[in-house]
Each structure stands twice: as structure tokens, then as C-alpha cells.
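Here is work.cif, consisting of mmCIF, C-alpha atoms:
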data_model
#
loop_
_atom_site.label_atom_id
_atom_site.label_comp_id
_atom_site.auth_asym_id
_atom_site.auth_seq_id
_atom_site.Cartn_x
_atom_site.Cartn_y
_atom_site.Cartn_z
CA MET A 7 0.00 0.00 0.00
CA LYS A 8 1.26 3.45 -0.92
CA HIS A 9 0.28 6.87 0.42
CA TYR A 10 0.77 10.12 -1.51
CA LEU A 11 1.62 12.69 1.16
CA ARG A 12 4.45 14.50 -0.63
CA PHE A 13 5.88 14.48 -4.14
CA SER A 14 8.87 12.43 -3.03
CA ASP A 15 6.62 9.47 -2.16
CA LEU A 16 6.93 8.26 -5.77
CA ASP A 17 9.97 7.84 -8.01
CA ALA A 18 10.71 8.93 -11.58
CA GLY A 19 9.54 5.64 -13.07
CA GLU A 20 6.21 5.86 -11.28
CA TYR A 21 5.74 9.44 -12.45
CA GLY A 22 6.50 8.43 -16.02
CA TYR A 23 3.74 5.87 -15.78
CA LEU A 24 1.29 8.35 -14.21
CA PHE A 25 1.86 10.93 -16.95
CA GLU A 26 1.25 8.30 -19.64
CA ARG A 27 -1.83 7.04 -17.84
CA ALA A 28 -3.20 10.56 -17.33
CA ALA A 29 -2.84 11.19 -21.07
CA LEU A 30 -4.87 8.07 -21.84
CA ILE A 31 -7.54 8.95 -19.29
CA LYS A 32 -7.80 12.50 -20.64
CA ARG A 33 -8.06 11.27 -24.23
CA LYS A 34 -10.89 8.94 -23.27
CA PHE A 35 -12.63 11.74 -21.35
CA LYS A 36 -12.48 14.03 -24.39
CA ALA A 37 -13.85 11.26 -26.60
CA TYR A 38 -16.73 10.55 -24.16
CA GLU A 39 -15.41 7.03 -23.62
CA LYS A 40 -16.12 5.42 -20.25
CA HIS A 41 -13.22 4.66 -17.94
CA HIS A 42 -14.73 2.80 -14.98
CA ALA A 43 -11.53 1.47 -13.46
CA LEU A 44 -12.69 2.17 -9.89
CA ILE A 45 -16.24 0.88 -9.97
CA ASP A 46 -17.62 0.14 -6.48
CA ARG A 47 -14.68 1.95 -4.84
CA THR A 48 -15.30 4.81 -2.38
CA LEU A 49 -13.23 7.93 -1.78
CA ALA A 50 -13.57 9.84 1.50
CA MET A 51 -12.67 13.53 1.17
CA ILE A 52 -11.88 15.39 4.40
CA PHE A 53 -11.57 19.17 4.13
CA GLU A 54 -10.26 21.39 6.91
CA LYS A 55 -9.28 24.04 4.34
CA ALA A 56 -11.68 25.50 1.77
CA SER A 57 -11.43 24.17 -1.76
CA THR A 58 -12.75 24.63 -5.29
CA ARG A 59 -10.40 22.81 -7.67
CA THR A 60 -9.39 20.06 -5.26
CA ARG A 61 -12.97 19.14 -4.41
CA VAL A 62 -14.37 19.32 -7.94
CA SER A 63 -11.43 17.53 -9.56
CA PHE A 64 -11.38 14.63 -7.10
CA GLU A 65 -15.14 14.28 -6.78
CA ALA A 66 -15.87 14.47 -10.50
CA GLY A 67 -12.89 12.24 -11.27
CA MET A 68 -13.95 9.52 -8.85
CA TYR A 69 -17.50 9.49 -10.20
CA GLN A 70 -16.21 9.35 -13.78
CA MET A 71 -14.21 6.25 -12.89
CA GLY A 72 -17.30 4.51 -11.55
CA GLY A 73 -16.65 5.12 -7.86
CA SER A 74 -18.45 7.08 -5.19
CA VAL A 75 -17.49 9.90 -2.83
CA VAL A 76 -18.12 10.77 0.83
CA HIS A 77 -17.46 14.46 1.53
CA LEU A 78 -16.58 15.56 5.08
CA THR A 79 -15.63 18.92 6.59
CA THR A 80 -14.54 19.87 10.09
CA GLY A 81 -18.18 20.71 10.81
CA ASP A 82 -19.44 17.20 10.15
CA SER A 83 -16.53 15.03 11.27
CA GLN A 84 -14.72 14.47 14.56
CA MET A 85 -11.18 14.54 13.19
CA GLY A 86 -8.87 16.36 15.58
CA ARG A 87 -11.79 17.76 17.56
CA SER A 88 -13.31 15.44 20.15
CA GLU A 89 -11.68 12.31 18.72
CA PRO A 90 -7.97 11.62 18.21
CA ILE A 91 -6.84 11.58 14.58
CA GLU A 92 -5.60 8.02 15.06
CA ASP A 93 -9.11 6.83 15.98
CA THR A 94 -10.73 8.69 13.09
CA ALA A 95 -8.25 7.12 10.68
CA LYS A 96 -8.90 3.61 12.00
CA VAL A 97 -12.66 4.04 11.59
CA ILE A 98 -12.86 5.80 8.22
CA SER A 99 -10.30 3.54 6.59
CA ARG A 100 -12.42 0.48 7.44
CA MET A 101 -15.34 1.94 5.47
CA VAL A 102 -13.76 3.37 2.31
CA ASP A 103 -11.03 2.49 -0.19
CA LEU A 104 -9.17 5.79 -0.40
CA VAL A 105 -8.89 8.97 1.69
CA LEU A 106 -8.13 12.52 0.54
CA ILE A 107 -7.25 15.11 3.19
CA ARG A 108 -6.85 18.87 2.74
CA THR A 109 -5.65 20.35 6.00
CA TYR A 110 -3.15 22.64 7.71
CA GLU A 111 -0.21 20.84 9.33
CA GLN A 112 1.56 18.07 7.44
CA THR A 113 1.84 16.21 10.74
CA LYS A 114 -1.93 15.71 10.77
CA ILE A 115 -2.06 13.90 7.46
CA GLU A 116 1.01 11.84 8.30
CA LEU A 117 -0.55 10.75 11.59
CA PHE A 118 -3.76 9.82 9.80
CA ALA A 119 -1.85 7.82 7.19
CA GLU A 120 0.11 5.99 9.88
CA HIS A 121 -3.16 4.55 11.23
CA SER A 122 -5.03 4.13 7.93
CA ARG A 123 -5.71 0.78 6.29
CA VAL A 124 -6.14 2.43 2.87
CA PRO A 125 -4.08 4.89 0.77
CA VAL A 126 -4.15 8.52 1.86
CA ILE A 127 -3.67 11.45 -0.55
CA ASN A 128 -2.50 14.93 0.37
CA GLY A 129 -4.97 17.43 -1.12
CA LEU A 130 -2.88 20.31 0.31
CA THR A 131 -1.12 21.07 3.58
CA ASN A 132 0.85 24.09 4.75
CA GLU A 133 4.03 22.31 3.70
CA PHE A 134 3.20 20.50 0.45
CA HIS A 135 0.81 20.39 -2.53
CA PRO A 136 1.89 17.31 -4.52
CA CYS A 137 -1.31 16.86 -6.56
CA GLN A 138 -0.96 20.38 -7.96
CA ILE A 139 2.63 19.86 -9.08
CA LEU A 140 1.66 16.47 -10.54
CA ALA A 141 -0.89 18.29 -12.72
CA ASP A 142 1.50 21.15 -13.51
CA ILE A 143 4.21 18.84 -14.82
CA PHE A 144 1.68 16.82 -16.80
CA THR A 145 0.52 20.10 -18.36
CA TYR A 146 4.09 21.07 -19.24
CA ILE A 147 4.64 17.67 -20.88
CA GLU A 148 1.46 18.10 -22.94
CA HIS A 149 2.62 21.45 -24.29
CA ARG A 150 6.41 21.13 -24.50
CA GLY A 151 7.46 17.51 -23.95
CA SER A 152 9.73 16.20 -21.21
CA ILE A 153 10.55 18.55 -18.35
CA ALA A 154 13.91 16.86 -17.76
CA GLY A 155 16.75 19.33 -18.21
CA LYS A 156 14.41 22.34 -18.27
CA THR A 157 14.32 25.40 -16.01
CA VAL A 158 11.33 26.36 -13.87
CA ALA A 159 11.31 29.89 -12.41
CA TRP A 160 9.44 30.17 -9.11
CA VAL A 161 8.61 33.79 -8.28
CA GLY A 162 6.94 34.50 -4.94
CA ASP A 163 6.42 32.88 -1.56
CA GLY A 164 8.59 30.02 -0.32
CA ASN A 165 5.42 28.08 0.43
CA ASN A 166 4.00 24.59 -0.05
CA MET A 167 4.10 24.96 -3.84
CA ALA A 168 7.75 26.02 -3.81
CA ASN A 169 8.63 23.12 -1.49
CA THR A 170 6.94 20.67 -3.82
CA TRP A 171 8.58 22.07 -6.97
CA LEU A 172 11.95 21.53 -5.29
CA GLN A 173 11.11 17.91 -4.51
CA ALA A 174 9.97 17.38 -8.09
CA SER A 175 13.17 18.86 -9.51
CA GLU A 176 15.30 16.32 -7.64
CA ILE A 177 13.20 13.39 -8.85
CA LEU A 178 12.56 14.41 -12.47
CA GLY A 179 15.85 16.09 -13.33
CA PHE A 180 15.08 19.75 -13.93
CA THR A 181 16.25 22.98 -12.27
CA VAL A 182 14.23 25.46 -10.21
CA HIS A 183 15.20 29.13 -10.22
CA LEU A 184 13.89 30.33 -6.89
CA SER A 185 13.24 33.99 -6.03
CA THR A 186 11.43 35.01 -2.85
CA PRO A 187 11.40 38.19 -0.76
CA GLY A 188 13.68 38.28 2.28
CA GLY A 189 12.04 36.51 5.20
CA TYR A 190 9.93 34.29 2.94
CA GLU A 191 12.60 31.91 1.69
CA VAL A 192 12.16 28.16 1.30
CA ASP A 193 13.34 26.18 4.30
CA GLN A 194 15.37 23.35 2.79
CA SER A 195 14.76 21.15 5.83
CA VAL A 196 10.97 21.56 5.47
CA ALA A 197 11.12 21.00 1.73
CA GLY A 198 12.85 17.71 2.48
CA ILE A 199 15.36 17.85 -0.35
CA ARG A 200 18.76 16.17 -0.11
CA SER A 201 20.93 18.88 -1.70
CA SER A 202 20.85 22.26 -3.42
CA GLU A 203 22.06 20.95 -6.79
CA SER A 204 18.64 21.04 -8.45
CA TYR A 205 17.84 24.67 -7.62
CA LYS A 206 19.40 28.12 -7.65
CA VAL A 207 18.40 31.08 -5.49
CA PHE A 208 18.11 34.60 -6.95
CA LYS A 209 17.60 37.76 -4.95
CA HIS A 210 15.94 39.53 -7.89
CA PRO A 211 12.96 37.86 -9.60
CA LEU A 212 13.98 39.15 -13.03
CA GLN A 213 17.23 37.20 -12.79
CA ALA A 214 15.33 34.03 -11.88
CA CYS A 215 13.29 34.27 -15.07
CA VAL A 216 16.22 34.57 -17.48
CA GLY A 217 16.17 31.57 -19.83
CA ALA A 218 13.30 29.84 -18.00
CA ASP A 219 11.11 27.30 -19.79
CA LEU A 220 8.30 27.81 -17.29
CA VAL A 221 7.47 30.75 -15.02
CA THR A 222 5.10 30.04 -12.16
CA THR A 223 3.82 31.69 -9.00
CA ASP A 224 1.14 31.59 -6.32
CA VAL A 225 -0.86 34.03 -4.21
CA TRP A 226 1.17 36.16 -1.82
CA THR A 227 -0.97 35.16 1.16
CA SER A 228 -1.90 31.48 1.42
CA MET A 229 -4.81 30.17 3.50
CA GLY A 230 -4.01 30.35 7.19
CA TYR A 231 -1.75 33.40 6.83
CA GLU A 232 -4.43 36.06 6.32
CA ALA A 233 -3.26 38.06 9.35
CA GLU A 234 -0.02 38.74 7.45
CA ASN A 235 -1.77 40.02 4.33
CA GLU A 236 -0.81 43.70 4.53
CA ALA A 237 2.80 42.98 5.48
CA ARG A 238 3.06 40.50 2.63
CA LYS A 239 1.69 42.98 0.08
CA LYS A 240 4.55 45.33 0.93
CA ALA A 241 7.22 42.63 1.01
CA PHE A 242 6.13 41.04 -2.28
CA ALA A 243 5.62 44.26 -4.29
CA ASN A 244 8.53 43.48 -6.66
CA TRP A 245 7.57 39.82 -7.06
CA ARG A 246 4.63 40.31 -9.42
CA VAL A 247 5.04 38.25 -12.59
CA ASP A 248 4.79 40.75 -15.44
CA ALA A 249 5.51 41.02 -19.16
CA GLU A 250 9.16 41.91 -18.55
CA MET A 251 9.75 38.68 -16.64
CA MET A 252 8.13 36.67 -19.42
CA ARG A 253 10.31 38.44 -22.04
CA LEU A 254 13.41 37.38 -20.13
CA ALA A 255 12.26 33.76 -20.17
CA LYS A 256 12.60 31.68 -23.33
CA PRO A 257 10.36 32.76 -26.25
CA ASN A 258 8.24 29.62 -25.90
CA ALA A 259 8.11 29.72 -22.08
CA LEU A 260 4.83 28.87 -20.38
CA PHE A 261 3.18 30.60 -17.45
CA MET A 262 1.37 28.66 -14.71
CA HIS A 263 -0.55 29.55 -11.56
CA CYS A 264 -2.31 27.05 -9.30
CA LEU A 265 -5.27 29.45 -8.79
CA PRO A 266 -7.14 31.27 -7.41
CA ALA A 267 -5.24 34.27 -8.81
CA HIS A 268 -5.26 37.92 -7.81
CA ARG A 269 -4.60 39.92 -10.97
CA GLY A 270 -2.52 42.97 -10.16
CA GLU A 271 -0.90 41.31 -7.15
CA GLU A 272 1.20 38.21 -7.82
CA VAL A 273 0.60 38.35 -11.60
CA ASP A 274 -0.41 40.96 -14.16
CA ALA A 275 -3.61 40.36 -16.09
CA ASN A 276 -1.78 40.49 -19.43
CA VAL A 277 0.35 37.53 -18.32
CA ILE A 278 -2.25 35.20 -16.82
CA ASP A 279 -4.69 36.00 -19.64
CA GLY A 280 -1.95 36.15 -22.29
CA PRO A 281 -0.83 33.66 -24.96
CA GLN A 282 1.86 32.01 -22.82
CA SER A 283 -0.54 31.18 -20.00
CA VAL A 284 -1.79 27.59 -19.69
CA VAL A 285 -3.59 28.04 -16.37
CA TRP A 286 -6.93 26.67 -17.61
CA ASP A 287 -5.32 23.50 -19.01
CA GLU A 288 -3.40 23.28 -15.74
CA ALA A 289 -6.61 23.49 -13.71
CA GLU A 290 -8.42 20.88 -15.82
CA ASN A 291 -5.45 18.56 -15.66
CA ARG A 292 -5.84 18.31 -11.88
CA MET A 293 -8.72 15.95 -12.59
CA HIS A 294 -6.98 13.80 -15.20
CA ALA A 295 -3.71 13.49 -13.28
CA GLN A 296 -5.51 12.69 -10.04
CA LYS A 297 -7.63 10.04 -11.73
CA ALA A 298 -4.40 8.35 -12.82
CA LEU A 299 -3.05 8.71 -9.27
CA MET A 300 -6.13 7.20 -7.60
CA GLU A 301 -6.17 4.34 -10.09
CA TYR A 302 -2.49 3.65 -9.43
CA LEU A 303 -2.80 3.75 -5.64
CA LEU A 304 -5.70 1.30 -5.71
CA LEU A 305 -4.84 -0.97 -8.66
CA GLY A 306 -1.12 -0.54 -9.27
CA LYS A 307 0.27 -0.35 -12.78
CA ILE A 308 -2.04 -1.47 -15.57
CA THR A 309 0.14 -3.86 -17.56
CA ASP A 310 -1.86 -3.81 -20.80
CA THR A 311 0.41 -1.45 -22.76
CA THR A 312 -2.10 -1.22 -25.61
CA ASP A 313 -4.18 0.84 -23.19
CA ILE A 314 -1.54 3.51 -22.71
CA LEU A 315 -1.20 6.57 -24.94
CA ALA A 316 2.32 7.96 -25.01
CA VAL A 317 2.64 11.57 -23.93
CA VAL A 318 3.97 13.72 -26.78
CA PRO A 319 4.32 17.47 -27.07
#

Show me, as C-alpha cells, the structure contained in the file I just sent.
Amino acid sequence: MKHYLRFSDLDAGEYGYLFERAALIKRKFKAYEKHHALIDRTLAMIFEKASTRTRVSFEAGMYQMGGSVVHLTTGDSQMGRSEPIEDTAKVISRMVDLVLIRTYEQTKIELFAEHSRVPVINGLTNEFHPCQILADIFTYIEHRGSIAGKTVAWVGDGNNMANTWLQASEILGFTVHLSTPGGYEVDQSVAGIRSSESYKVFKHPLQACVGADLVTTDVWTSMGYEAENEARKKAFANWRVDAEMMRLAKPNALFMHCLPAHRGEEVDANVIDGPQSVVWDEAENRMHAQKALMEYLLLGKITDTTDILAVVP
């Protein structure tokens, strides 16, 4: 049994399979072909943080694969309130086949997984967002081919997205150009990476974007940090992705944002709504990549290679 709590829980070979499988699943979805690989399986979704894309992508995806979904929030579950997380995990995992958790501390989801009898997926924590980066890399592959050897410029907060990009760079062989304001740097120990060889730190965001194949960012104030909003607006003023940053990147560079976006803050409207932006493909691909992930966690690799469409740019 495998859990998916951080990007480093899988290796390069497993990701290669998932990207191929996601391409097949997406092709079938676009052709209105059924893909009921998880018929009679049940996914429990536990949300302690609000969600749009995570909820819709997992819920729709599970139904499309023939399964069913139980949706829980902190208001209608006992997790971490009047019942220990360990007990909640032991109970829920006896009733469903798969658990998705979107919460605050990574320690919560790790404790749940430790006592779960079924695979647990991280739908977002303060420290990591592996499903988003899974979809982002799948989107890059769709548009430009392999991400190996490429450069990803991260402009903004040293948050869960930045941590996960760093993990992905070690596993999949690309480089991250990292630029954050002072005081908001990535903590290498939290990111859980072994060395600094797969990323470079730049004080100025323009320098980070030079020669990049992909420029990406996130909101300046993530959920749970709202009290810092005004201070962050001042600190991040020079970290808005704009047309100049995109001009410094490669001519065919892509722009990504995990959404929701605040135009005029972390990104200019002419970038996120411009020709290099693939944010809508990126958002849709959450569903296709996560369908491949859920299928893999429950069924393992599908060995019928005639059922796999190779991913090509």
C-alpha cells in the first residue's frame, strides 16, 4: 500500500507511468469514452481548508471512474476535535477504499496515514501540494514535452508549492530558479530535499526568469496566513510576474498559476490571460492526473500497454 503525502513518495519511473496514464484517461474523457476502473470503490474527502479545484477535480474524477465519494468537513466530522486523529483514521479507513485530506499541518495527514488501512492522498497542507505539481508537470509535458533538463522559475512565496517544486526537480531532473522576498525563503529542511544541486536562489525575480522554460507563482498570502496580508503585500511588491519577466524567459516559455489568482498582485492580467498562459489547461489537468493517481494507488500499474497513450508534445 502506498500513500501520496508529498511528491517524493513516488519515483521517476512511477511518475513516467502516471503521466502516460493521465494522457490516456484524458483522451478517453475528451472522446466521451467510459473509464470505470474504480467501480464500487469509495473515496472519502476530508476538508479542513476550503477548496474549489481540489474538491471538484477529485469528486468528478472519482464518479467518472465509476466510484463514489463521501465528503466531510470539520463541521461534520470528529477529526482532531473530540476524537484523536488516530481513531478517526482507523474508523474511516475500514469503510472506504481511499482517503483525501486537505488540512493545515503536514503532521496531521502523516498521523492519519500511519493509522489508515487504505491509501491517503495529500490534497494540500501548509508544507506541500503534490497533486498540484503532478498536474502542472503533466501540463508542461502536454505542451512542450519532457521537463527533464528544463528550467522552472518560481517567483513568490517560499510556500507549499515552492517546497513541492523543489522535490519534483530532484526526482525528475530539472532545475528550479527560486526567487522570494527576504524573510519568505524556502526552508530546505521543510522541503525535504537532499541537496541544493537542483535549484538556484536569486535575490531579484527578473534574474530568476532569465532563460526559464516555465514561469510560475502563487498568491502572496496562502490560506491560514491572512493576518499577514498587509505585510506580505509590501514585502512582495517586486515579485509580481509581469511582461518583462516573461520576455526574459525563453520565447516559448509557459506561465502557470495554481489558482485562485489575484490579478494585479502576484501576476499581471496580461500575463495570466496572455498567450503564454496555460492556467486553464493546468486546472483541468488536476482531474486527469488525479484520476491516474487514484487508479495507481488502488490498482497498481495497468500492464496492458495497448491501453496507454504515449505523452507527446

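Counting all atoms listed in the file, range 184-198 of chain A has the following residues at most 8 Å away, ignoring those fewer than 3 positions along the same chain: Glu133, Ala159, Trp160, Val161, Gly162, Asp163, Gly164, Asn165, Ala168, Asn169, Thr170, Leu172, Gln173, Tyr205, Lys206, Val207, Phe208, Lys209, His210, Pro211, Ala214, Ala241, Phe242 and Trp245 of chain A.
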
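Selection by the PyMOL selection byres ((chain A and resi 143) around 9) on the present file picks out Phe25, Gln138, Ile139, Leu140, Ala141, Asp142, Phe144, Thr145, Tyr146, Ile147, Glu148, Ser152, Ile153, Ala174 and Glu288 of chain A.
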
Write to file, as a CSV table (one decimal), in the frame of the given file, the residues of the selection just made, with C-alpha atoms.
chain,number,residue,atom,x,y,z
A,25,PHE,CA,1.9,10.9,-17.0
A,138,GLN,CA,-1.0,20.4,-8.0
A,139,ILE,CA,2.6,19.9,-9.1
A,140,LEU,CA,1.7,16.5,-10.5
A,141,ALA,CA,-0.9,18.3,-12.7
A,142,ASP,CA,1.5,21.2,-13.5
A,144,PHE,CA,1.7,16.8,-16.8
A,145,THR,CA,0.5,20.1,-18.4
A,146,TYR,CA,4.1,21.1,-19.2
A,147,ILE,CA,4.6,17.7,-20.9
A,148,GLU,CA,1.5,18.1,-22.9
A,152,SER,CA,9.7,16.2,-21.2
A,153,ILE,CA,10.6,18.6,-18.4
A,174,ALA,CA,10.0,17.4,-8.1
A,288,GLU,CA,-3.4,23.3,-15.7

Test item: which residues lie within 12 Å of (0.3, 37.7, 1.2) counting all atoms listed in the file, as an NGL selection string: :A and (162-165 or 187 or 190 or 224-243 or 245-246 or 267-268 or 271-272)

Report as a Markdown table: every residue of range 116-156 of chain A with an atom at most 10 Å from range 56-67 of chain A, its closest pair of atoms, and their distance in Å to one decimal, counting all atoms listed in the file, with rows sorted by chain and ascending residue number.
| residue | atom | partner | partner_atom | distance |
| --- | --- | --- | --- | --- |
| A:Gly129 | CA | A:Thr60 | CA | 6.6 |
| A:Leu130 | CA | A:Thr60 | CA | 8.6 |
| A:Cys137 | CA | A:Thr60 | CA | 8.8 |
| A:Gln138 | CA | A:Thr60 | CA | 8.9 |

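Using all atoms listed in the file, the nearest neighbour of Ala18 in chain A within the list A:Ser122, A:Asn132, A:Gln112, A:Ser175 is A:Ser175.
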
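Summary of the local environment: counting all atoms listed in the file, residues at most 7 Å from Ala255 in chain A, other than itself and those fewer than 5 positions away along its chain, are Cys215, Val216, Gly217, Ala218 and Asp219 of chain A.
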